[in-house]
Every structure is written in structure tokens, then in C-alpha cells.
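Asks: Here you go, this is data-v8.txt (compact mmCIF, C-alpha atoms).
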```
# COMPACT_ATOMS: atom_id res chain seq x y z
CA MET M 1 21.92 -12.70 -26.52
CA GLU M 2 21.92 -10.75 -23.25
CA ALA M 3 18.67 -10.78 -21.31
CA ILE M 4 16.73 -7.50 -21.17
CA LYS M 5 16.81 -5.73 -17.81
CA ALA M 6 14.74 -2.91 -16.33
CA PRO M 7 15.91 0.57 -17.42
CA ARG M 8 18.34 2.42 -15.15
CA GLY M 9 16.53 4.29 -12.42
CA THR M 10 13.59 1.89 -12.34
CA ARG M 11 13.08 -1.25 -10.33
CA ASP M 12 10.66 -4.07 -9.72
CA VAL M 13 8.84 -3.90 -6.40
CA LEU M 14 8.66 -7.60 -5.59
CA GLY M 15 6.26 -9.48 -3.37
CA ASP M 16 8.55 -9.31 -0.34
CA GLU M 17 8.24 -5.50 -0.40
CA SER M 18 4.95 -4.70 -2.14
CA TRP M 19 2.97 -5.64 0.96
CA LYS M 20 4.74 -2.79 2.76
CA TRP M 21 3.43 -0.42 0.10
CA ALA M 22 -0.05 -1.81 0.73
CA ARG M 23 0.39 -0.94 4.42
CA VAL M 24 1.40 2.63 3.53
CA LEU M 25 -1.66 3.06 1.31
CA GLU M 26 -3.97 1.49 3.89
CA VAL M 27 -2.87 3.99 6.54
CA THR M 28 -2.99 6.85 4.04
CA ARG M 29 -6.57 6.04 3.07
CA ASP M 30 -7.62 5.93 6.71
CA VAL M 31 -6.13 9.39 7.34
CA ALA M 32 -7.67 10.74 4.12
CA ASP M 33 -11.08 9.55 5.30
CA ASN M 34 -10.54 11.11 8.72
CA PHE M 35 -9.77 14.49 7.15
CA GLY M 36 -12.54 14.37 4.53
CA PHE M 37 -10.39 13.90 1.40
CA LYS M 38 -11.67 12.08 -1.71
CA GLU M 39 -9.39 9.87 -3.79
CA ILE M 40 -8.92 10.83 -7.43
CA LEU M 41 -7.27 8.73 -10.17
CA LEU M 42 -5.41 10.76 -12.79
CA PRO M 43 -3.70 10.01 -16.14
CA ILE M 44 -0.05 9.01 -16.07
CA PHE M 45 0.67 11.34 -19.02
CA GLU M 46 -0.54 14.85 -19.77
CA HIS M 47 -0.01 17.54 -22.40
CA THR M 48 3.50 18.93 -21.91
CA GLU M 49 2.12 22.45 -21.68
CA LEU M 50 0.46 21.63 -18.36
CA PHE M 51 3.84 21.17 -16.71
CA SER M 52 5.87 23.76 -18.64
CA ARG M 53 3.33 26.48 -17.82
CA GLY M 54 2.34 25.20 -14.40
CA ILE M 55 5.69 24.16 -12.91
CA GLY M 56 7.75 26.82 -14.69
CA GLU M 57 9.98 26.86 -17.77
CA VAL M 58 13.17 27.61 -15.81
CA THR M 59 12.81 24.87 -13.20
CA ASP M 60 15.11 21.85 -13.21
CA VAL M 61 12.07 19.59 -13.59
CA VAL M 62 10.97 21.17 -16.88
CA GLN M 63 14.43 21.88 -18.29
CA LYS M 64 16.23 18.66 -17.38
CA GLU M 65 14.02 15.98 -15.87
CA MET M 66 10.79 15.47 -17.83
CA TYR M 67 10.12 12.43 -20.00
CA THR M 68 8.59 14.12 -23.06
CA PHE M 69 7.72 12.65 -26.44
CA ILE M 70 5.69 13.42 -29.56
CA ASP M 71 2.75 11.05 -29.97
CA ARG M 72 1.24 9.79 -33.24
CA GLY M 73 -1.04 12.81 -33.36
CA ASP M 74 2.02 15.11 -33.36
CA ARG M 75 1.20 16.28 -29.81
CA SER M 76 3.85 16.86 -27.15
CA ILE M 77 3.10 14.51 -24.26
CA THR M 78 4.91 14.21 -20.92
CA LEU M 79 4.89 11.46 -18.33
CA ARG M 80 3.79 13.25 -15.18
CA PRO M 81 6.70 14.40 -12.97
CA GLU M 82 4.31 15.31 -10.10
CA LEU M 83 0.57 15.34 -9.32
CA THR M 84 -0.29 18.88 -8.23
CA ALA M 85 -0.60 20.35 -11.71
CA SER M 86 -2.75 17.38 -12.77
CA MET M 87 -4.95 17.84 -9.70
CA VAL M 88 -5.55 21.49 -10.55
CA ARG M 89 -6.15 20.65 -14.22
CA SER M 90 -8.79 18.11 -13.17
CA TYR M 91 -10.39 20.61 -10.76
CA LEU M 92 -10.75 23.13 -13.60
CA GLU M 93 -11.74 20.66 -16.31
CA HIS M 94 -14.56 19.18 -14.23
CA ASP M 95 -15.67 22.59 -12.92
CA MET M 96 -15.25 21.60 -9.29
CA ARG M 97 -15.82 25.25 -8.37
CA ARG M 98 -19.53 24.35 -8.42
CA ARG M 99 -18.98 22.03 -5.48
CA PRO M 100 -18.83 23.19 -1.87
CA GLN M 101 -15.41 24.75 -1.32
CA PRO M 102 -12.75 23.85 -0.56
CA VAL M 103 -12.41 20.63 -2.54
CA LYS M 104 -10.13 18.11 -0.82
CA LEU M 105 -8.45 15.60 -3.13
CA TRP M 106 -5.78 12.96 -2.76
CA GLY M 107 -4.19 10.44 -5.07
CA TRP M 108 -1.17 8.26 -5.57
CA GLY M 109 0.75 6.54 -8.34
CA PRO M 110 3.95 6.54 -10.39
CA MET M 111 5.81 9.76 -11.32
CA PHE M 112 8.70 10.11 -13.76
CA ARG M 113 11.79 12.30 -13.58
CA TYR M 114 15.10 11.87 -15.37
CA GLU M 115 17.67 12.41 -12.63
CA ARG M 116 20.60 10.58 -11.09
CA PRO M 117 19.29 7.50 -9.24
CA GLN M 118 20.25 7.27 -5.57
CA LYS M 119 18.97 5.79 -2.34
CA GLY M 120 15.23 6.33 -2.14
CA ARG M 121 15.15 8.25 -5.44
CA TYR M 122 14.36 6.65 -8.80
CA ARG M 123 13.42 7.80 -12.29
CA GLN M 124 10.09 6.10 -11.85
CA PHE M 125 8.89 6.60 -8.30
CA ALA M 126 5.58 6.53 -6.46
CA GLN M 127 4.03 9.35 -4.47
CA ILE M 128 1.02 10.04 -2.33
CA ASP M 129 -0.38 13.51 -2.90
CA PHE M 130 -2.94 15.64 -1.00
CA GLU M 131 -4.42 18.96 -2.13
CA ILE M 132 -6.93 21.48 -0.73
CA LEU M 133 -8.32 23.60 -3.56
CA GLY M 134 -10.40 26.75 -3.24
CA ALA M 135 -9.37 27.94 0.24
CA GLN M 136 -7.21 31.00 0.92
CA ASN M 137 -7.52 30.61 4.70
CA PRO M 138 -4.15 29.96 6.39
CA LEU M 139 -5.89 27.24 8.43
CA ALA M 140 -5.94 25.20 5.20
CA ASP M 141 -2.13 25.32 5.29
CA VAL M 142 -2.23 24.23 8.93
CA GLU M 143 -4.52 21.33 8.06
CA ILE M 144 -2.27 20.11 5.25
CA ILE M 145 0.77 20.13 7.55
CA ASP M 146 -1.26 18.53 10.36
CA LEU M 147 -2.51 15.84 7.96
CA SER M 148 0.99 15.00 6.73
CA MET M 149 2.24 14.76 10.31
CA GLU M 150 -0.71 12.55 11.25
CA ILE M 151 0.11 10.15 8.42
CA PHE M 152 3.70 9.84 9.65
CA ARG M 153 2.54 9.44 13.25
CA ARG M 154 0.31 6.55 12.21
CA PHE M 155 3.20 5.02 10.33
CA GLY M 156 4.90 4.91 13.72
CA LEU M 157 7.69 7.27 12.68
CA SER M 158 9.72 9.39 15.06
CA ASN M 159 12.73 11.67 14.77
CA LEU M 160 10.73 14.01 12.53
CA GLN M 161 11.22 17.74 12.08
CA VAL M 162 8.98 20.30 10.35
CA LEU M 163 10.74 23.08 8.45
CA ILE M 164 8.66 26.03 7.22
CA ASN M 165 9.23 29.22 5.26
CA SER M 166 7.32 31.74 3.18
CA VAL M 167 8.30 32.33 -0.45
CA GLY M 168 6.06 35.39 -0.73
CA CYS M 169 3.85 36.22 -3.69
CA PRO M 170 4.15 38.02 -7.05
CA ALA M 171 3.77 41.33 -5.20
CA CYS M 172 6.77 40.98 -2.87
CA ARG M 173 8.94 38.32 -4.50
CA PRO M 174 10.42 40.45 -7.35
CA ALA M 175 12.07 42.84 -4.89
CA TYR M 176 13.49 39.90 -2.93
CA ARG M 177 14.89 38.39 -6.14
CA GLU M 178 16.77 41.62 -6.79
CA THR M 179 18.04 41.61 -3.20
CA LEU M 180 19.39 38.09 -3.72
CA ARG M 181 21.01 39.02 -7.05
CA LYS M 182 22.85 41.86 -5.36
CA PHE M 183 23.84 39.66 -2.42
CA PHE M 184 25.23 36.84 -4.58
CA GLY M 185 26.66 39.19 -7.23
CA SER M 186 30.01 39.37 -5.45
CA LYS M 187 30.05 35.65 -4.66
CA THR M 188 29.67 34.17 -8.14
CA GLN M 189 33.18 32.69 -8.08
CA HIS M 190 32.16 30.63 -5.06
CA LEU M 191 28.93 29.28 -6.60
CA CYS M 192 28.58 26.19 -8.76
CA ASP M 193 27.86 26.59 -12.50
CA THR M 194 24.21 25.65 -12.03
CA CYS M 195 23.68 28.32 -9.37
CA ASN M 196 25.36 30.96 -11.53
CA GLU M 197 22.81 30.13 -14.21
CA ARG M 198 19.99 30.26 -11.64
CA LEU M 199 21.17 33.65 -10.36
CA ASP M 200 19.95 35.35 -13.51
CA LYS M 201 16.76 33.34 -14.13
CA ASN M 202 15.54 32.36 -10.65
CA PRO M 203 17.87 33.40 -7.79
CA LEU M 204 15.63 31.80 -5.13
CA ARG M 205 16.81 28.41 -6.39
CA VAL M 206 20.36 29.25 -5.30
CA LEU M 207 19.11 28.96 -1.71
CA ASP M 208 17.96 25.41 -2.45
CA CYS M 209 21.31 24.13 -3.72
CA LYS M 210 22.69 21.18 -1.73
CA ARG M 211 26.34 21.63 -2.72
CA THR M 212 28.59 22.54 0.21
CA GLU M 213 30.28 25.48 -1.52
CA CYS M 214 26.91 27.04 -2.34
CA ARG M 215 25.37 26.38 1.07
CA ASP M 216 28.35 28.14 2.67
CA GLN M 217 27.49 31.25 0.67
CA THR M 218 23.79 31.14 1.58
CA ASP M 219 24.36 31.07 5.35
CA SER M 220 24.11 34.85 5.63
CA ALA M 221 21.73 35.43 2.70
CA PRO M 222 18.85 37.88 3.26
CA SER M 223 15.66 36.22 4.48
CA MET M 224 12.44 36.27 2.46
CA ILE M 225 10.57 36.75 5.74
CA GLU M 226 12.09 40.24 5.98
CA SER M 227 10.79 41.13 2.50
CA LEU M 228 7.21 39.86 2.79
CA CYS M 229 4.32 42.17 1.96
CA ILE M 230 1.70 42.74 4.65
CA GLU M 231 -0.64 40.04 3.32
CA CYS M 232 2.08 37.38 3.09
CA GLY M 233 3.48 38.33 6.48
CA GLU M 234 0.07 38.02 8.14
CA HIS M 235 -0.56 34.70 6.39
CA PHE M 236 2.76 33.27 7.55
CA ALA M 237 2.16 34.43 11.12
CA ALA M 238 -1.30 32.83 11.11
CA VAL M 239 0.10 29.51 9.87
CA ARG M 240 2.77 29.50 12.58
CA ARG M 241 0.19 30.37 15.22
CA GLY M 242 -2.06 27.52 14.08
CA LEU M 243 0.82 25.04 14.26
CA GLU M 244 1.85 26.29 17.69
CA ASN M 245 -1.73 25.78 18.90
CA LEU M 246 -1.39 22.14 17.82
CA GLY M 247 1.81 21.80 19.81
CA ALA M 248 3.83 21.11 16.65
CA SER M 249 7.60 21.55 16.77
CA VAL M 250 8.36 23.88 13.85
CA SER M 251 11.59 25.56 12.70
CA VAL M 252 11.84 28.39 10.18
CA ASP M 253 14.34 27.61 7.41
CA ASN M 254 15.24 30.62 5.26
CA ARG M 255 16.74 28.34 2.61
CA LEU M 256 13.48 26.43 2.07
CA VAL M 257 12.06 27.59 -1.27
CA ARG M 258 11.00 24.28 -2.90
CA GLY M 259 11.92 23.56 -6.51
CA LEU M 260 8.78 24.53 -8.43
CA ASP M 261 7.73 28.02 -9.54
CA TYR M 262 4.07 27.69 -8.60
CA TYR M 263 4.65 27.98 -4.83
CA THR M 264 3.42 31.13 -3.07
CA LYS M 265 3.51 31.97 0.63
CA THR M 266 3.84 28.75 2.68
CA ALA M 267 6.53 26.21 1.84
CA TYR M 268 7.37 23.34 4.15
CA GLU M 269 9.17 20.02 4.47
CA ILE M 270 9.16 17.20 6.98
CA LEU M 271 12.59 15.70 7.56
CA SER M 272 13.80 12.42 9.00
CA GLY M 273 17.33 12.00 10.29
CA ASP M 274 17.62 8.45 8.95
CA LEU M 275 18.21 8.93 5.22
CA GLY M 276 21.47 10.86 5.15
CA ALA M 277 21.62 13.79 2.73
CA GLN M 278 18.30 12.85 1.16
CA ASN M 279 16.34 13.28 4.36
CA ALA M 280 13.15 15.01 3.20
CA VAL M 281 10.24 12.57 3.42
CA CYS M 282 7.52 15.10 2.65
CA GLY M 283 7.30 18.48 0.98
CA GLY M 284 4.63 20.93 -0.03
CA GLY M 285 3.12 24.35 0.31
CA ARG M 286 0.71 26.90 -1.12
CA TYR M 287 0.25 27.65 -4.84
CA ASP M 288 -2.41 30.34 -5.31
CA ASN M 289 -1.46 31.18 -8.93
CA LEU M 290 -1.12 27.72 -10.47
CA ALA M 291 -4.68 27.57 -11.84
CA GLU M 292 -4.20 30.89 -13.64
CA ALA M 293 -0.85 29.73 -15.04
CA ILE M 294 -2.56 26.82 -16.82
CA GLY M 295 -5.40 28.94 -18.22
CA GLY M 296 -8.03 28.91 -15.50
CA PRO M 297 -9.39 31.43 -13.01
CA ARG M 298 -7.62 32.12 -9.76
CA VAL M 299 -8.01 29.12 -7.44
CA PRO M 300 -6.00 29.18 -4.20
CA GLY M 301 -4.53 25.84 -3.23
CA VAL M 302 -2.21 24.12 -0.79
CA GLY M 303 -0.92 20.56 -0.68
CA PHE M 304 1.98 18.15 -0.25
CA ALA M 305 3.50 15.02 -1.71
CA SER M 306 5.54 12.19 -0.21
CA GLY M 307 7.42 9.38 -1.92
CA ILE M 308 6.32 5.87 -1.01
CA GLU M 309 9.86 4.54 -1.44
CA ARG M 310 11.09 7.17 1.04
CA ILE M 311 8.33 6.32 3.51
CA VAL M 312 9.16 2.61 3.42
CA LEU M 313 12.90 3.30 3.84
CA THR M 314 12.21 5.51 6.85
CA MET M 315 9.86 2.98 8.43
CA GLU M 316 12.44 0.23 7.98
CA ALA M 317 15.24 2.43 9.39
CA GLN M 318 13.18 3.27 12.47
CA GLY M 319 11.79 -0.23 13.01
CA ALA M 320 8.22 0.98 12.57
CA TYR M 321 5.42 -1.56 12.45
CA MET M 322 4.83 -2.59 8.84
CA GLY M 323 1.96 -4.96 9.44
CA ARG M 324 2.27 -8.69 8.75
CA GLU M 325 3.66 -10.05 5.53
CA PRO M 326 0.84 -11.87 3.71
CA HIS M 327 0.76 -15.65 4.02
CA VAL M 328 -1.62 -18.44 3.07
CA ASP M 329 -3.91 -19.88 5.72
CA ALA M 330 -3.74 -23.40 4.31
CA TYR M 331 -1.50 -25.28 1.91
CA VAL M 332 -3.03 -28.39 0.37
CA VAL M 333 -0.55 -31.27 0.27
CA THR M 334 -1.18 -34.35 -1.86
CA THR M 335 0.02 -37.92 -1.41
CA GLY M 336 -0.46 -40.68 -3.92
CA SER M 337 -0.96 -40.38 -7.65
CA GLY M 338 -4.62 -39.48 -8.05
CA ALA M 339 -5.20 -36.74 -5.53
CA GLU M 340 -4.42 -33.57 -7.51
CA TYR M 341 -7.96 -32.85 -8.68
CA GLU M 342 -9.40 -33.55 -5.23
CA ALA M 343 -6.71 -31.33 -3.77
CA TYR M 344 -7.67 -28.50 -6.08
CA MET M 345 -11.34 -28.89 -5.17
CA LEU M 346 -10.36 -28.62 -1.50
CA ALA M 347 -8.33 -25.47 -2.23
CA HIS M 348 -11.39 -24.08 -4.03
CA GLU M 349 -13.60 -24.85 -1.01
CA LEU M 350 -11.12 -23.19 1.36
CA ARG M 351 -11.01 -20.04 -0.77
CA ALA M 352 -14.80 -19.96 -1.14
CA GLY M 353 -14.98 -20.18 2.65
CA GLY M 354 -12.93 -16.98 3.04
CA LEU M 355 -9.52 -18.59 3.63
CA SER M 356 -6.38 -18.13 1.57
CA ALA M 357 -5.09 -21.39 0.12
CA ASP M 358 -2.48 -22.73 -2.26
CA MET M 359 -1.24 -26.12 -3.49
CA ASP M 360 1.52 -27.82 -5.45
CA PHE M 361 1.43 -27.84 -9.25
CA MET M 362 4.87 -29.34 -9.83
CA GLY M 363 4.34 -32.99 -8.85
CA ARG M 364 6.78 -32.73 -5.94
CA SER M 365 7.11 -35.21 -3.10
CA MET M 366 5.13 -34.81 0.09
CA LYS M 367 8.31 -33.71 1.90
CA ALA M 368 8.98 -31.03 -0.69
CA GLN M 369 5.37 -29.86 -0.52
CA MET M 370 5.56 -29.53 3.26
CA LYS M 371 8.72 -27.47 2.86
CA THR M 372 6.94 -25.20 0.38
CA ALA M 373 4.02 -24.85 2.80
CA SER M 374 6.44 -23.71 5.48
CA GLN M 375 8.16 -21.25 3.14
CA ALA M 376 4.76 -19.81 2.22
CA GLY M 377 4.05 -19.15 5.89
CA ALA M 378 1.02 -21.43 5.86
CA LYS M 379 -0.63 -21.85 9.24
CA PHE M 380 -2.07 -25.25 8.29
CA ALA M 381 -1.27 -28.06 5.90
CA CYS M 382 -4.30 -29.93 4.56
CA ILE M 383 -3.11 -33.40 3.58
CA ILE M 384 -5.20 -35.35 1.13
CA GLY M 385 -4.29 -38.70 -0.44
CA ASP M 386 -5.85 -42.02 -1.45
CA ASP M 387 -6.86 -42.91 2.12
CA GLU M 388 -8.44 -39.50 2.77
CA ILE M 389 -10.29 -39.57 -0.55
CA ALA M 390 -11.70 -43.04 0.22
CA ALA M 391 -12.80 -41.97 3.71
CA GLY M 392 -14.02 -38.50 2.72
CA THR M 393 -11.65 -36.86 5.20
CA VAL M 394 -8.78 -34.36 5.38
CA THR M 395 -5.74 -34.47 7.67
CA ILE M 396 -5.15 -31.01 9.13
CA LYS M 397 -1.67 -30.27 10.46
CA ASP M 398 -0.87 -27.18 12.52
CA MET M 399 2.42 -25.98 11.04
CA GLU M 400 3.45 -24.16 14.21
CA THR M 401 2.75 -26.84 16.83
CA GLY M 402 3.07 -29.93 14.62
CA THR M 403 -0.21 -31.36 15.94
CA GLN M 404 -2.66 -32.83 13.47
CA GLU M 405 -6.17 -34.20 13.34
CA THR M 406 -8.38 -35.92 10.80
CA ALA M 407 -11.71 -34.25 10.00
CA PRO M 408 -14.59 -35.01 7.63
CA ARG M 409 -14.15 -33.16 4.32
CA GLY M 410 -17.42 -31.26 4.84
CA VAL M 411 -16.30 -29.58 8.08
CA ALA M 412 -12.60 -29.06 7.30
CA VAL M 413 -13.09 -25.46 6.22
CA GLU M 414 -14.96 -24.48 9.39
CA LYS M 415 -12.42 -26.27 11.59
CA ILE M 416 -9.56 -24.37 10.02
CA LYS M 417 -11.42 -21.08 10.33
CA LEU M 418 -12.11 -21.73 14.02
CA ARG M 419 -8.51 -22.72 14.72
CA LYS M 420 -7.27 -19.67 12.80
CA GLU M 421 -9.45 -17.40 14.92
CA GLY M 422 -8.33 -19.13 18.10
CA SER M 423 -4.64 -18.60 17.27
CA ARG M 424 -4.90 -14.83 16.89
```
Could you render the structure as C-alpha cells?

Replies:
Amino acid sequence: MEAIKAPRGTRDVLGDESWKWARVLEVTRDVADNFGFKEILLPIFEHTELFSRGIGEVTDVVQKEMYTFIDRGDRSITLRPELTASMVRSYLEHDMRRRPQPVKLWGWGPMFRYERPQKGRYRQFAQIDFEILGAQNPLADVEIIDLSMEIFRRFGLSNLQVLINSVGCPACRPAYRETLRKFFGSKTQHLCDTCNERLDKNPLRVLDCKRTECRDQTDSAPSMIESLCIECGEHFAAVRRGLENLGASVSVDNRLVRGLDYYTKTAYEILSGDLGAQNAVCGGGRYDNLAEAIGGPRVPGVGFASGIERIVLTMEAQGAYMGREPHVDAYVVTTGSGAEYEAYMLAHELRAGGLSADMDFMGRSMKAQMKTASQAGAKFACIIGDDEIAAGTVTIKDMETGTQETAPRGVAVEKIKLRKEGSR
């Protein structure tokens, strides 16, 4: 019988990579604290209606990519494809309007989308997500973009580019949709089948197509910027002015519309030149009508999300500092036949003293144990055998220099701690 493997589009993040994720989250939490954001933990699944109404029925996410099932209570449930709708749902459900506005939230965790797996993109993937809820001020948009850039700066990333656009609002977008339909009406034979479908339902999505034949047709497409109402135009100008005041390098991209219907006004992405065609490491924007779409009052919001897998790939490609891979401070090595229980007690004492420690459970030879200690990255080997037990001592070997000393059992922990501090 063939062994069961992980489903296509999923993967195991093993110990030789998971510590890099821990580094990403450590930096993210520091930036969140600096900007006054509170972490929120949300359900992995929600009622399907939250996403179909919030994200939009005609989006690729809702039509093609959601993992939806009927539960035992005959309810339609969906594994979350993104966090923004869940954030807004939580804001409304817990009446966060009573709190001082705006409310700044962030979270992270697994998302689920059924799409073709490729480098940095999986069917189960992890994202960090930041949202500012309750603020219409364009400076909130500036802060979200500034925050995302600060996270990447602290990751040590370079070669980054900010692309920005405005997708308007319900007042000015309908006229622009008609303009696009007229523009692409004579070009349908040059568009892919998907874009011809989008042309009728949501022509803005044609601008977002990555196929070469479609991008060739969008080069001279009318710009949304030219169709903005006064309010949207002033908002976009204020966001650009705020970013210029920060000294940010920003380019306007008329094709940037994002893939979800809830976006209004600001849309942006941060790109890295190190991931080929899939070079967006961060994306977000404003969504002032999302709360109403899911049954609440009007709550303006702006936010962004970034995939942890993408972040790690970019950091690796650019040689960014990932921190140090975890290792044990001390590996307890036994000699003789009766030292295992004493060895475990020593490991217990080391751990209780604030050190990381491990030992052999397989009855291997001393040589094999020393090899394992080296593979584990242990700084010290604590050797304990019949002679050490009789004398109440421990032999401490520095794995880097090869020097060793014998110390009374009662002071071994402090000696190792002192030598660890001295080697930093």
C-alpha cells in the first residue's frame, strides 16, 4: 500500500525552515507594536456568505478558488481565503466602534485557495495581515504603506518598488467600467477567454491579467485616474503627497486594480525583482464599503497582506539576515551502562537553569553521541559516566575549541552559562 502524502499544493514546513518563519513573525510583532497595532486571532473557517458578499461573487477567488463545504448542520462553510473580511466581521461583531477610532488590528495564519501551485504560491499558505478600521483620512493609507515598507526594511530587503493606483469608488467607477468596455470592445479577439468573460462582468479585472496577449492590449487602456470623482482624486493626491513627504519612491501603475471587489480608492503593491513573474510580496489598499457589504454600517478601512512564504523566499534570494538557526546549548553524552538516568537528571538541571539541552535515547556509542551533538549545533558536550557519577562531577567539552574541563555537578550549569555568555 502506497504511503499517504500531503495534498497537492500543500507542504510541510520543517524545522530547518520554520525558524525563519519565527524570525519573520518576531520582526512583524516588533513593527506592529511600534505602530500601535493589536494582534487578533481569527477562525480558520467562516460562513461562506462572508466571502461571497464581501469579496464579490464575480471574483476569481469566490468563483474558482474557495474551499467550501457543507457542515453537519447543513451550513455552507469556507476555509478563509484571506483575512480582511474576517477582520471586518470581527470588528462589527464585537462592536469595536465603541472603542477609540481608528482600531488597528493585525493577525497571521494559514489561508486556503484552490489555484495552480507555483514558486512561493500554495493552496495552503500563510499571511501576515494589517488593517486600520474606522479612519477615512488618507494619512491612514500612508501609514499602512509606510508600515509595510518598514517591515520589509527590518527584514533587510532591498530592490523594492511601490506601485500605487486608485480604483475609484461606486460614484465614479461605473462610468470607467463603461469606458473600458468600449475600449476593449474592438479587441476581444486579442483577449484570452477569461478576460472576455471579465469584460462583461468586471472589466477592471482585464487590466490585472498577466497573460502577454492581454497585457499588450492594456498598454494604451484609459486610466482610472482620469475618471476619478473629485473626492477620489483629492484622496489619491493626498496619499501621494504623504508618501512623497516620507521620501518613498512610488510609481503609479494604471493596471493595478487588485483582485477583490471590496477595494475603493487606494490600491498598492510592493514588488521585489527576485521572484520572476510572481514578484509581488505585498498588496493592499482601501475598502470603505466592505462593512456594508457584509451587513454592517459603513466603516472605512485600509490594510494589506503579505505571504510568509514569499517573504522568506525574498529574504533568501537577497541574502538578508534570517537570525540564527536554533541549536542546543548542551548535549549530554553518556559513557558506561548505568548513566542514562543521571544523564537525564543533568539535562533536567540544565533546562531548569535556562539552558537548552538534549541527550541520546537510542543507546548509541559515545562517538555516535558526540557526532549527534555536533549535528545539533551544541556549544558544549556534558559527558557523564561511571567515573563522573562516583566523583559527583561532569566533564564539559567546548565543541568549537575542543577544550574540556571537569567541574563539580552542582556548579556545571553555572559554568556553562558563564562560558556561553563569554562566547557571544

Asks: Rank nothing, just name the residue among M:Met224, M:Leu50, M:Met87, M:Ala381 nearest to Thr403 (chain M), using all atoms listed in the file.

Replies: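 Of M:Met224, M:Leu50, M:Met87, M:Ala381, the one nearest Thr403 (chain M), counting all atoms listed in the file, is M:Ala381.
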
Asks: Quick one: everything within 9 Å of Ile145 (chain M), counting only C-alpha atoms, minus sequence neighbours fewer than 6 positions away in the same chain. Send it as JSON, numbers by chain.

Replies: {"M": [162, 243, 268, 269, 270, 284, 285, 303, 304]}

Asks: Considering all atoms listed in the file, return as a list in words whatever protein or nucleic-acid residues lie within 12 Å of Thr78 (chain M), sequence-local ones (same chain, fewer than 6 positions apart) excluded.

Replies: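 Final neighbour list, sorted by chain and number: Pro43, Ile44, Phe45, Glu46, His47, Thr48, Glu49, Leu50, Phe51, Ser52, Val61, Val62, Glu65, Met66, Tyr67, Thr68, Phe69, Ile70, Asp71, Ser86, Met111, Phe112, Arg113 and Tyr114 of chain M.
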
Asks: Can those selected residues be exported to a file as a compact mmCIF listing (two decimals), keeping the file's coordinate frame so that it contains C-alpha atoms?

Replies:
```
# COMPACT_ATOMS: atom_id res chain seq x y z
CA PRO M 43 -3.70 10.01 -16.14
CA ILE M 44 -0.05 9.01 -16.07
CA PHE M 45 0.67 11.34 -19.02
CA GLU M 46 -0.54 14.85 -19.77
CA HIS M 47 -0.01 17.54 -22.40
CA THR M 48 3.50 18.93 -21.91
CA GLU M 49 2.12 22.45 -21.68
CA LEU M 50 0.46 21.63 -18.36
CA PHE M 51 3.84 21.17 -16.71
CA SER M 52 5.87 23.76 -18.64
CA VAL M 61 12.07 19.59 -13.59
CA VAL M 62 10.97 21.17 -16.88
CA GLU M 65 14.02 15.98 -15.87
CA MET M 66 10.79 15.47 -17.83
CA TYR M 67 10.12 12.43 -20.00
CA THR M 68 8.59 14.12 -23.06
CA PHE M 69 7.72 12.65 -26.44
CA ILE M 70 5.69 13.42 -29.56
CA ASP M 71 2.75 11.05 -29.97
CA SER M 86 -2.75 17.38 -12.77
CA MET M 111 5.81 9.76 -11.32
CA PHE M 112 8.70 10.11 -13.76
CA ARG M 113 11.79 12.30 -13.58
CA TYR M 114 15.10 11.87 -15.37
```

Asks: Which residue, M:Ser251, M:Ser158, M:Ser90, M:Thr264, has the smallest gap to Glu231 (chain M) when you use all atoms listed in the file?

Replies: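 Using all atoms listed in the file, the shortest distance to Glu231 (chain M) belongs to M:Thr264.
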
Asks: Here is a test: counting all atoms listed in the file, which residue of M:Ile151, M:Leu313, M:Ile164, M:Leu355 is nearest to Asp33 (chain M)?

Replies: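 For Asp33 (chain M), the nearest of the given residues is M:Ile151.
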
Asks: With all atoms listed in the file as the counted atoms, please give the residues lying no more than 6 Å from Ser356 (chain M), apart from itself and same-chain residues fewer than 3 positions off, as a ChimeraX atom specification.

Replies: /M:328-329,351

Asks: Quick check, in Å to one decimal: how far apart do CA of Leu204 (chain M) and CA of Leu180 (chain M) lie?

Replies: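 The value is 7.5 Å.
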
Asks: Select, from M:Arg177, M:Ser18, M:Gly363, M:Leu42, the residue with the minimum atom-to-atom distance to Lys201 (chain M), counting all atoms listed in the file.

Replies: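 Result for the nearest residue to Lys201 (chain M): M:Arg177.
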
Asks: How far is it from CA of Phe155 (chain M) to CA of Ala85 (chain M), in Å with one decimal?

Replies: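 Interatomic distance here is 27.1 Å.
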
Asks: Just to confirm, what's the straight-line distance from CA of Met315 (chain M) to CA of Asp253 (chain M) in Å (one decimal)?

Replies: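 Straight-line distance from CA of Met315 (chain M) to CA of Asp253 (chain M) works out to 25.1 Å.
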
Asks: Using all atoms listed in the file, can you tell me which of M:Pro100, M:Gly134, M:Pro117, M:Gly353 comes closest to Pro7 (chain M)?

Replies: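 Between M:Pro100, M:Gly134, M:Pro117, M:Gly353, the residue approaching Pro7 (chain M) most closely is M:Pro117.
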
Asks: Out of M:Asp16, M:Glu316, M:Asp358, M:Asp141, which residue has the shortest atom-to-atom distance to Ala237 (chain M) when counting only C-alpha atoms?

Replies: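 Answer, going by the shortest atom-to-atom distance: M:Asp141.
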